[in-house]
Every structure is written in structure tokens, then in C-alpha cells.
>>> print(open('model34.cif').read())   # mmCIF, N, CA and C atoms
data_final
#
loop_
_atom_site.label_atom_id
_atom_site.label_comp_id
_atom_site.auth_asym_id
_atom_site.auth_seq_id
_atom_site.Cartn_x
_atom_site.Cartn_y
_atom_site.Cartn_z
N MET A 1 -66.42 -19.28 20.26
CA MET A 1 -66.30 -17.86 20.05
C MET A 1 -64.83 -17.48 20.18
N GLY A 2 -64.37 -16.65 19.33
CA GLY A 2 -62.97 -16.26 19.36
C GLY A 2 -62.82 -14.81 18.94
N LEU A 3 -61.61 -14.34 19.03
CA LEU A 3 -61.31 -12.98 18.62
C LEU A 3 -60.68 -12.99 17.25
N HIS A 4 -61.03 -12.02 16.47
CA HIS A 4 -60.45 -11.88 15.14
C HIS A 4 -59.98 -10.44 14.99
N PHE A 5 -58.67 -10.28 14.80
CA PHE A 5 -58.10 -8.95 14.64
C PHE A 5 -58.00 -8.63 13.14
N VAL A 6 -58.52 -7.49 12.77
CA VAL A 6 -58.42 -7.05 11.39
C VAL A 6 -57.01 -6.53 11.13
N GLN A 7 -56.47 -5.80 12.12
CA GLN A 7 -55.12 -5.27 12.02
C GLN A 7 -54.35 -5.70 13.26
N PRO A 8 -53.06 -5.98 13.13
CA PRO A 8 -52.28 -6.34 14.31
C PRO A 8 -52.17 -5.14 15.26
N GLU A 9 -52.30 -5.39 16.54
CA GLU A 9 -52.23 -4.35 17.56
C GLU A 9 -50.75 -4.03 17.84
N PRO A 10 -50.28 -2.79 17.59
CA PRO A 10 -48.86 -2.45 17.77
C PRO A 10 -48.37 -2.68 19.19
N VAL A 11 -49.20 -2.42 20.18
CA VAL A 11 -48.77 -2.58 21.57
C VAL A 11 -48.51 -4.05 21.86
N LEU A 12 -49.37 -4.94 21.36
CA LEU A 12 -49.18 -6.37 21.58
C LEU A 12 -47.94 -6.88 20.86
N ILE A 13 -47.72 -6.39 19.67
CA ILE A 13 -46.54 -6.82 18.92
C ILE A 13 -45.27 -6.40 19.66
N ARG A 14 -45.23 -5.17 20.13
CA ARG A 14 -44.07 -4.67 20.86
C ARG A 14 -43.87 -5.45 22.16
N ALA A 15 -44.94 -5.72 22.88
CA ALA A 15 -44.85 -6.47 24.14
C ALA A 15 -44.32 -7.88 23.87
N TYR A 16 -44.79 -8.50 22.79
CA TYR A 16 -44.32 -9.85 22.45
C TYR A 16 -42.84 -9.83 22.09
N GLN A 17 -42.39 -8.83 21.36
CA GLN A 17 -40.98 -8.72 21.00
C GLN A 17 -40.11 -8.51 22.24
N GLU A 18 -40.58 -7.70 23.19
CA GLU A 18 -39.84 -7.49 24.43
C GLU A 18 -39.77 -8.78 25.23
N TRP A 19 -40.87 -9.53 25.25
CA TRP A 19 -40.90 -10.80 25.97
C TRP A 19 -39.91 -11.78 25.35
N GLN A 20 -39.87 -11.84 24.02
CA GLN A 20 -38.92 -12.72 23.35
C GLN A 20 -37.48 -12.35 23.69
N ALA A 21 -37.19 -11.05 23.75
CA ALA A 21 -35.84 -10.61 24.09
C ALA A 21 -35.47 -11.01 25.52
N GLU A 22 -36.43 -10.90 26.45
CA GLU A 22 -36.18 -11.29 27.83
C GLU A 22 -35.92 -12.79 27.94
N VAL A 23 -36.67 -13.59 27.19
CA VAL A 23 -36.48 -15.04 27.21
C VAL A 23 -35.10 -15.39 26.67
N LYS A 24 -34.70 -14.77 25.58
CA LYS A 24 -33.37 -15.02 25.01
C LYS A 24 -32.28 -14.62 25.98
N LEU A 25 -32.45 -13.48 26.66
CA LEU A 25 -31.46 -13.02 27.64
C LEU A 25 -31.37 -14.00 28.81
N ALA A 26 -32.50 -14.46 29.30
CA ALA A 26 -32.50 -15.41 30.42
C ALA A 26 -31.84 -16.72 30.01
N ALA A 27 -32.09 -17.19 28.79
CA ALA A 27 -31.46 -18.42 28.32
C ALA A 27 -29.95 -18.25 28.21
N ALA A 28 -29.52 -17.09 27.73
CA ALA A 28 -28.09 -16.82 27.63
C ALA A 28 -27.44 -16.77 29.01
N GLU A 29 -28.13 -16.18 29.98
CA GLU A 29 -27.59 -16.10 31.34
C GLU A 29 -27.50 -17.48 31.97
N ASP A 30 -28.48 -18.34 31.71
CA ASP A 30 -28.44 -19.69 32.24
C ASP A 30 -27.26 -20.46 31.68
N GLN A 31 -26.95 -20.23 30.40
CA GLN A 31 -25.80 -20.90 29.80
C GLN A 31 -24.50 -20.39 30.41
N LEU A 32 -24.44 -19.10 30.74
CA LEU A 32 -23.24 -18.55 31.36
C LEU A 32 -23.05 -19.06 32.78
N GLN A 33 -24.14 -19.36 33.47
CA GLN A 33 -24.06 -19.81 34.86
C GLN A 33 -23.84 -21.31 34.96
N ALA A 34 -23.85 -22.03 33.86
CA ALA A 34 -23.61 -23.47 33.89
C ALA A 34 -22.20 -23.71 34.42
N PRO A 35 -22.01 -24.79 35.19
CA PRO A 35 -20.68 -25.04 35.76
C PRO A 35 -19.64 -25.26 34.67
N ALA A 36 -18.51 -24.63 34.86
CA ALA A 36 -17.41 -24.75 33.91
C ALA A 36 -16.70 -26.08 34.13
N PRO A 37 -16.08 -26.64 33.10
CA PRO A 37 -15.33 -27.88 33.26
C PRO A 37 -14.18 -27.68 34.23
N GLN A 38 -13.82 -28.73 34.93
CA GLN A 38 -12.74 -28.66 35.91
C GLN A 38 -11.42 -28.37 35.21
N SER A 39 -10.69 -27.42 35.73
CA SER A 39 -9.40 -27.09 35.14
C SER A 39 -8.29 -27.62 36.03
N THR A 40 -7.11 -27.71 35.46
CA THR A 40 -5.97 -28.24 36.21
C THR A 40 -5.17 -27.13 36.87
N THR A 41 -5.61 -25.88 36.76
CA THR A 41 -4.87 -24.79 37.37
C THR A 41 -5.15 -24.76 38.86
N PRO A 42 -4.17 -24.41 39.66
CA PRO A 42 -4.38 -24.36 41.11
C PRO A 42 -5.27 -23.18 41.48
N PRO A 43 -5.93 -23.25 42.64
CA PRO A 43 -6.77 -22.13 43.06
C PRO A 43 -5.93 -20.89 43.32
N PRO A 44 -6.52 -19.70 43.21
CA PRO A 44 -5.74 -18.47 43.41
C PRO A 44 -5.24 -18.35 44.84
N THR A 45 -4.06 -17.79 44.97
CA THR A 45 -3.48 -17.58 46.30
C THR A 45 -3.88 -16.22 46.82
N ASP A 46 -3.61 -15.96 48.09
CA ASP A 46 -3.95 -14.68 48.69
C ASP A 46 -3.19 -13.53 48.04
N ARG A 47 -2.05 -13.82 47.45
CA ARG A 47 -1.25 -12.76 46.83
C ARG A 47 -1.87 -12.26 45.54
N GLN A 48 -2.61 -13.12 44.86
CA GLN A 48 -3.21 -12.68 43.60
C GLN A 48 -4.29 -11.66 43.89
N SER A 49 -4.56 -10.86 42.90
CA SER A 49 -5.51 -9.77 43.13
C SER A 49 -6.90 -10.30 43.41
N THR A 50 -7.63 -9.59 44.24
CA THR A 50 -9.00 -9.98 44.57
C THR A 50 -9.95 -9.66 43.43
N GLU A 51 -9.47 -8.91 42.44
CA GLU A 51 -10.31 -8.60 41.29
C GLU A 51 -10.73 -9.86 40.55
N GLN A 52 -9.87 -10.90 40.55
CA GLN A 52 -10.18 -12.14 39.86
C GLN A 52 -11.31 -12.88 40.56
N GLN A 53 -11.50 -12.66 41.84
CA GLN A 53 -12.51 -13.37 42.61
C GLN A 53 -13.86 -12.68 42.58
N LYS A 54 -13.93 -11.44 42.15
CA LYS A 54 -15.20 -10.72 42.09
C LYS A 54 -16.04 -11.26 40.94
N PRO A 55 -17.38 -11.22 41.06
CA PRO A 55 -18.21 -11.69 39.95
C PRO A 55 -18.06 -10.79 38.73
N ALA A 56 -18.09 -11.40 37.58
CA ALA A 56 -17.95 -10.63 36.34
C ALA A 56 -19.19 -9.78 36.12
N ALA A 57 -18.99 -8.61 35.57
CA ALA A 57 -20.12 -7.71 35.30
C ALA A 57 -20.99 -8.30 34.20
N VAL A 58 -22.30 -8.30 34.43
CA VAL A 58 -23.23 -8.83 33.44
C VAL A 58 -23.30 -7.88 32.26
N SER A 59 -23.35 -6.62 32.52
CA SER A 59 -23.37 -5.62 31.45
C SER A 59 -22.70 -4.35 31.97
N GLN A 60 -22.53 -3.41 31.09
CA GLN A 60 -21.93 -2.15 31.50
C GLN A 60 -22.86 -1.43 32.46
N GLU A 61 -22.27 -0.64 33.32
CA GLU A 61 -23.05 0.11 34.30
C GLU A 61 -23.88 1.18 33.59
N PRO A 62 -25.19 1.22 33.85
CA PRO A 62 -26.03 2.23 33.20
C PRO A 62 -25.73 3.63 33.72
N LYS A 63 -26.09 4.62 32.93
CA LYS A 63 -25.82 6.01 33.31
C LYS A 63 -26.84 6.55 34.30
N GLY A 64 -28.07 6.06 34.23
CA GLY A 64 -29.12 6.57 35.11
C GLY A 64 -29.81 5.45 35.87
N ALA A 65 -30.93 5.80 36.45
CA ALA A 65 -31.71 4.83 37.22
C ALA A 65 -32.31 3.77 36.30
N VAL A 66 -32.49 2.57 36.86
CA VAL A 66 -33.06 1.46 36.12
C VAL A 66 -34.33 1.02 36.84
N ARG A 67 -35.44 0.97 36.11
CA ARG A 67 -36.71 0.53 36.69
C ARG A 67 -37.18 -0.70 35.91
N ARG A 68 -37.55 -1.74 36.66
CA ARG A 68 -38.03 -2.98 36.04
C ARG A 68 -39.31 -3.43 36.74
N ARG A 69 -40.14 -4.13 36.00
CA ARG A 69 -41.30 -4.81 36.56
C ARG A 69 -41.16 -6.27 36.20
N LEU A 70 -41.03 -7.11 37.22
CA LEU A 70 -40.82 -8.54 37.01
C LEU A 70 -41.90 -9.34 37.70
N GLU A 71 -42.13 -10.52 37.16
CA GLU A 71 -43.10 -11.45 37.76
C GLU A 71 -42.38 -12.77 38.00
N THR A 72 -42.58 -13.34 39.20
CA THR A 72 -41.95 -14.60 39.54
C THR A 72 -42.74 -15.77 38.99
N LYS A 73 -42.18 -16.96 39.11
CA LYS A 73 -42.87 -18.16 38.65
C LYS A 73 -44.14 -18.41 39.45
N GLN A 74 -44.17 -17.94 40.69
CA GLN A 74 -45.35 -18.11 41.54
C GLN A 74 -46.43 -17.10 41.23
N GLY A 75 -46.16 -16.14 40.36
CA GLY A 75 -47.15 -15.15 39.97
C GLY A 75 -47.08 -13.85 40.75
N ASN A 76 -46.07 -13.69 41.61
CA ASN A 76 -45.90 -12.43 42.34
C ASN A 76 -45.26 -11.40 41.42
N SER A 77 -45.75 -10.18 41.47
CA SER A 77 -45.24 -9.11 40.62
C SER A 77 -44.49 -8.10 41.49
N TYR A 78 -43.34 -7.63 40.99
CA TYR A 78 -42.51 -6.70 41.74
C TYR A 78 -42.08 -5.53 40.87
N ASP A 79 -42.02 -4.35 41.49
CA ASP A 79 -41.48 -3.15 40.86
C ASP A 79 -40.09 -2.96 41.45
N ILE A 80 -39.07 -2.87 40.58
CA ILE A 80 -37.69 -2.79 41.04
C ILE A 80 -37.08 -1.48 40.55
N LEU A 81 -36.46 -0.75 41.47
CA LEU A 81 -35.78 0.49 41.13
C LEU A 81 -34.33 0.39 41.60
N MET A 82 -33.40 0.59 40.65
CA MET A 82 -31.98 0.61 40.98
C MET A 82 -31.45 1.97 40.55
N GLU A 83 -30.94 2.72 41.52
CA GLU A 83 -30.42 4.05 41.20
C GLU A 83 -29.12 4.30 41.95
N LYS A 84 -28.26 5.10 41.32
CA LYS A 84 -26.96 5.39 41.90
C LYS A 84 -27.08 6.56 42.87
N ARG A 85 -26.64 6.32 44.10
CA ARG A 85 -26.66 7.37 45.14
C ARG A 85 -25.37 7.31 45.94
N ALA A 86 -24.69 8.40 46.02
CA ALA A 86 -23.49 8.56 46.84
C ALA A 86 -22.48 7.43 46.61
N GLY A 87 -22.21 7.12 45.35
CA GLY A 87 -21.20 6.13 45.03
C GLY A 87 -21.63 4.69 45.17
N ALA A 88 -22.88 4.44 45.49
CA ALA A 88 -23.38 3.07 45.63
C ALA A 88 -24.71 2.95 44.89
N TRP A 89 -25.10 1.73 44.57
CA TRP A 89 -26.36 1.47 43.88
C TRP A 89 -27.42 1.10 44.91
N GLN A 90 -28.46 1.91 45.00
CA GLN A 90 -29.58 1.68 45.91
C GLN A 90 -30.62 0.84 45.19
N VAL A 91 -31.01 -0.29 45.80
CA VAL A 91 -32.01 -1.18 45.22
C VAL A 91 -33.25 -1.16 46.11
N THR A 92 -34.40 -0.89 45.48
CA THR A 92 -35.69 -0.91 46.19
C THR A 92 -36.63 -1.81 45.41
N ILE A 93 -37.16 -2.84 46.12
CA ILE A 93 -38.09 -3.78 45.50
C ILE A 93 -39.41 -3.70 46.26
N VAL A 94 -40.49 -3.47 45.50
CA VAL A 94 -41.83 -3.33 46.08
C VAL A 94 -42.75 -4.32 45.39
N GLN A 95 -43.56 -5.02 46.18
CA GLN A 95 -44.50 -5.97 45.60
C GLN A 95 -45.71 -5.23 45.04
N LEU A 96 -46.20 -5.70 43.90
CA LEU A 96 -47.38 -5.12 43.26
C LEU A 96 -48.50 -6.14 43.25
N PRO A 97 -49.71 -5.79 43.40
CA PRO A 97 -50.20 -4.48 43.81
C PRO A 97 -49.86 -4.23 45.27
N ARG A 98 -49.74 -2.97 45.61
CA ARG A 98 -49.42 -2.60 46.99
C ARG A 98 -50.54 -3.02 47.91
N GLN A 99 -50.19 -3.64 49.03
CA GLN A 99 -51.18 -4.08 50.00
C GLN A 99 -51.49 -2.95 50.97
N VAL A 100 -52.73 -2.86 51.38
CA VAL A 100 -53.16 -1.82 52.30
C VAL A 100 -52.43 -1.99 53.63
N GLY A 101 -51.84 -0.92 54.11
CA GLY A 101 -51.16 -0.93 55.40
C GLY A 101 -49.70 -1.35 55.33
N VAL A 102 -49.21 -1.71 54.18
CA VAL A 102 -47.81 -2.11 54.05
C VAL A 102 -47.05 -0.96 53.41
N GLY A 103 -46.20 -0.31 54.21
CA GLY A 103 -45.46 0.83 53.72
C GLY A 103 -44.00 0.51 53.44
N GLU A 104 -43.53 -0.62 53.93
CA GLU A 104 -42.13 -1.00 53.77
C GLU A 104 -41.91 -1.75 52.46
N PRO A 105 -40.81 -1.47 51.76
CA PRO A 105 -40.49 -2.25 50.56
C PRO A 105 -40.06 -3.67 50.96
N GLU A 106 -40.14 -4.58 50.01
CA GLU A 106 -39.73 -5.96 50.24
C GLU A 106 -38.22 -6.04 50.47
N LEU A 107 -37.48 -5.22 49.73
CA LEU A 107 -36.02 -5.17 49.87
C LEU A 107 -35.57 -3.75 49.61
N GLU A 108 -34.72 -3.25 50.49
CA GLU A 108 -34.13 -1.92 50.31
C GLU A 108 -32.70 -2.02 50.83
N ASP A 109 -31.75 -1.94 49.90
CA ASP A 109 -30.35 -2.12 50.27
C ASP A 109 -29.47 -1.39 49.27
N SER A 110 -28.20 -1.19 49.61
CA SER A 110 -27.28 -0.54 48.68
C SER A 110 -26.09 -1.47 48.44
N PHE A 111 -25.52 -1.38 47.23
CA PHE A 111 -24.43 -2.23 46.81
C PHE A 111 -23.36 -1.37 46.15
N PRO A 112 -22.08 -1.74 46.29
CA PRO A 112 -21.01 -0.90 45.76
C PRO A 112 -20.97 -0.84 44.23
N THR A 113 -21.42 -1.90 43.54
CA THR A 113 -21.39 -1.90 42.08
C THR A 113 -22.75 -2.29 41.52
N PHE A 114 -22.98 -1.94 40.27
CA PHE A 114 -24.23 -2.30 39.61
C PHE A 114 -24.34 -3.81 39.45
N ALA A 115 -23.23 -4.48 39.16
CA ALA A 115 -23.25 -5.93 38.98
C ALA A 115 -23.73 -6.64 40.24
N LEU A 116 -23.27 -6.19 41.40
CA LEU A 116 -23.71 -6.79 42.67
C LEU A 116 -25.18 -6.48 42.94
N ALA A 117 -25.62 -5.28 42.60
CA ALA A 117 -27.03 -4.92 42.78
C ALA A 117 -27.91 -5.78 41.88
N ASP A 118 -27.50 -5.97 40.64
CA ASP A 118 -28.25 -6.79 39.69
C ASP A 118 -28.29 -8.24 40.15
N LEU A 119 -27.19 -8.74 40.69
CA LEU A 119 -27.14 -10.10 41.21
C LEU A 119 -28.09 -10.26 42.40
N ALA A 120 -28.15 -9.27 43.27
CA ALA A 120 -29.05 -9.32 44.42
C ALA A 120 -30.52 -9.34 43.97
N VAL A 121 -30.84 -8.57 42.93
CA VAL A 121 -32.21 -8.56 42.40
C VAL A 121 -32.56 -9.93 41.85
N ARG A 122 -31.64 -10.53 41.10
CA ARG A 122 -31.89 -11.86 40.54
C ARG A 122 -32.08 -12.91 41.63
N ASP A 123 -31.25 -12.84 42.67
CA ASP A 123 -31.40 -13.78 43.78
C ASP A 123 -32.74 -13.59 44.48
N PHE A 124 -33.15 -12.35 44.66
CA PHE A 124 -34.44 -12.07 45.31
C PHE A 124 -35.59 -12.65 44.49
N ILE A 125 -35.56 -12.43 43.19
CA ILE A 125 -36.65 -12.91 42.33
C ILE A 125 -36.67 -14.45 42.32
N ARG A 126 -35.50 -15.07 42.28
CA ARG A 126 -35.45 -16.54 42.29
C ARG A 126 -36.01 -17.10 43.59
N SER A 127 -35.77 -16.43 44.68
CA SER A 127 -36.21 -16.94 45.99
C SER A 127 -37.66 -16.60 46.31
N HIS A 128 -38.26 -15.75 45.51
CA HIS A 128 -39.68 -15.40 45.76
C HIS A 128 -40.48 -15.89 44.60
#
>>> encode(input="model34.cif", output="C-alpha cells")
Amino acid sequence: MGLHFVQPEPVLIRAYQEWQAEVKLAAAEDQLQAPAPQSTTPPPTDRQSTEQQKPAAVSQEPKGAVRRRLETKQGNSYDILMEKRAGAWQVTIVQLPRQVGVGEPELEDSFPTFALADLAVRDFIRSH
């Protein structure tokens, strides 16, 4: 027994296209995180600007709040909210479905830049 669709379901098509875009983005990020070949330049000295040592921004900083729903390899689902408050990015991660009696988020922290907040979200998802 199987399913036969007379017409393609627009919601499924859109969801599949979004999934493909996420897979391509993740593959591109993995290629960027691959170790770079050893260079012959000396390590930066204390006199050089600390801007060179900061992680590069993954993308431009968004204008408003960012909400994501992600699922880990273990099958855990999380709702992630990143919003700008008082000059810092507030990150709140909540596990879905919400468990009875659990009122605390899994992670609630603030970061000075969006890039650092996004990096913290990625580290959290990888570790869970």
C-alpha cells in the first residue's frame, strides 16, 4: 500500500526546498571550518590589533529577532530565539516539546555580537 499524490503538495515542496538550502549551507560551513594549510607567517604579536583574532562574521547582523527550530542528530528538537537587547544579543534555547514542570530554558545568555551568539548556538546544538 502506498500514497499517490494527484497534485504536488505546496507545503511539502517548500519544506523540501528549505531543507535543501539548510544542507547546502551546512556543507559550505563545514568547508569553511576545515583546517587551513600551514602558513610561514609568524603568529600575531600583542601589538597587532585584536580584531584579527576575533572570529569572522558568518553573515551580516540581522535587523530584528531571529527564531529558529533545529533538531539534533540525537532527535532532540529546540526552539532558538536570538534578539538584540541593550547592545547585546540575547540567546534563549528551549527544548521542544516542553516538559511538565520545567520552566527554565536550556540556555539563556547574552553575547556582544551576533556572530558570537550564532557560534554559541552552533556549539550548543553540536554538543546536544
>>> residues_around(input="model34.cif", residues="region 69-82 of chain A", least_positions_apart="4", cutoff="8 Å", atoms="only C-alpha atoms", output="PyMOL selection string")
chain A and resi 65+89-97+117+125-126+128
>>> atom_distance(input="model34.cif", atom1="atom N of Ser110 (chain A)", atom2="atom N of Arg98 (chain A)")
22.0 Å
>>> atom_distance(input="model34.cif", atom1="CA of Phe124 (chain A)", atom2="CA of Leu107 (chain A)")
8.4 Å
>>> atom_distance(input="model34.cif", atom1="atom N of Phe111 (chain A)", atom2="atom N of Glu18 (chain A)")
29.1 Å
>>> select_by_dssp(input="model34.cif", residues="region 99-128 of chain A", states="strand (DSSP E)", output="count of residues only")
5
>>> residues_around(input="model34.cif", residues="Glu61 (chain A)", least_positions_apart="5", cutoff="8 Å", atoms="only N, CA and C atoms", output="JSON, numbers by chain")
{"A": [113, 114, 115]}
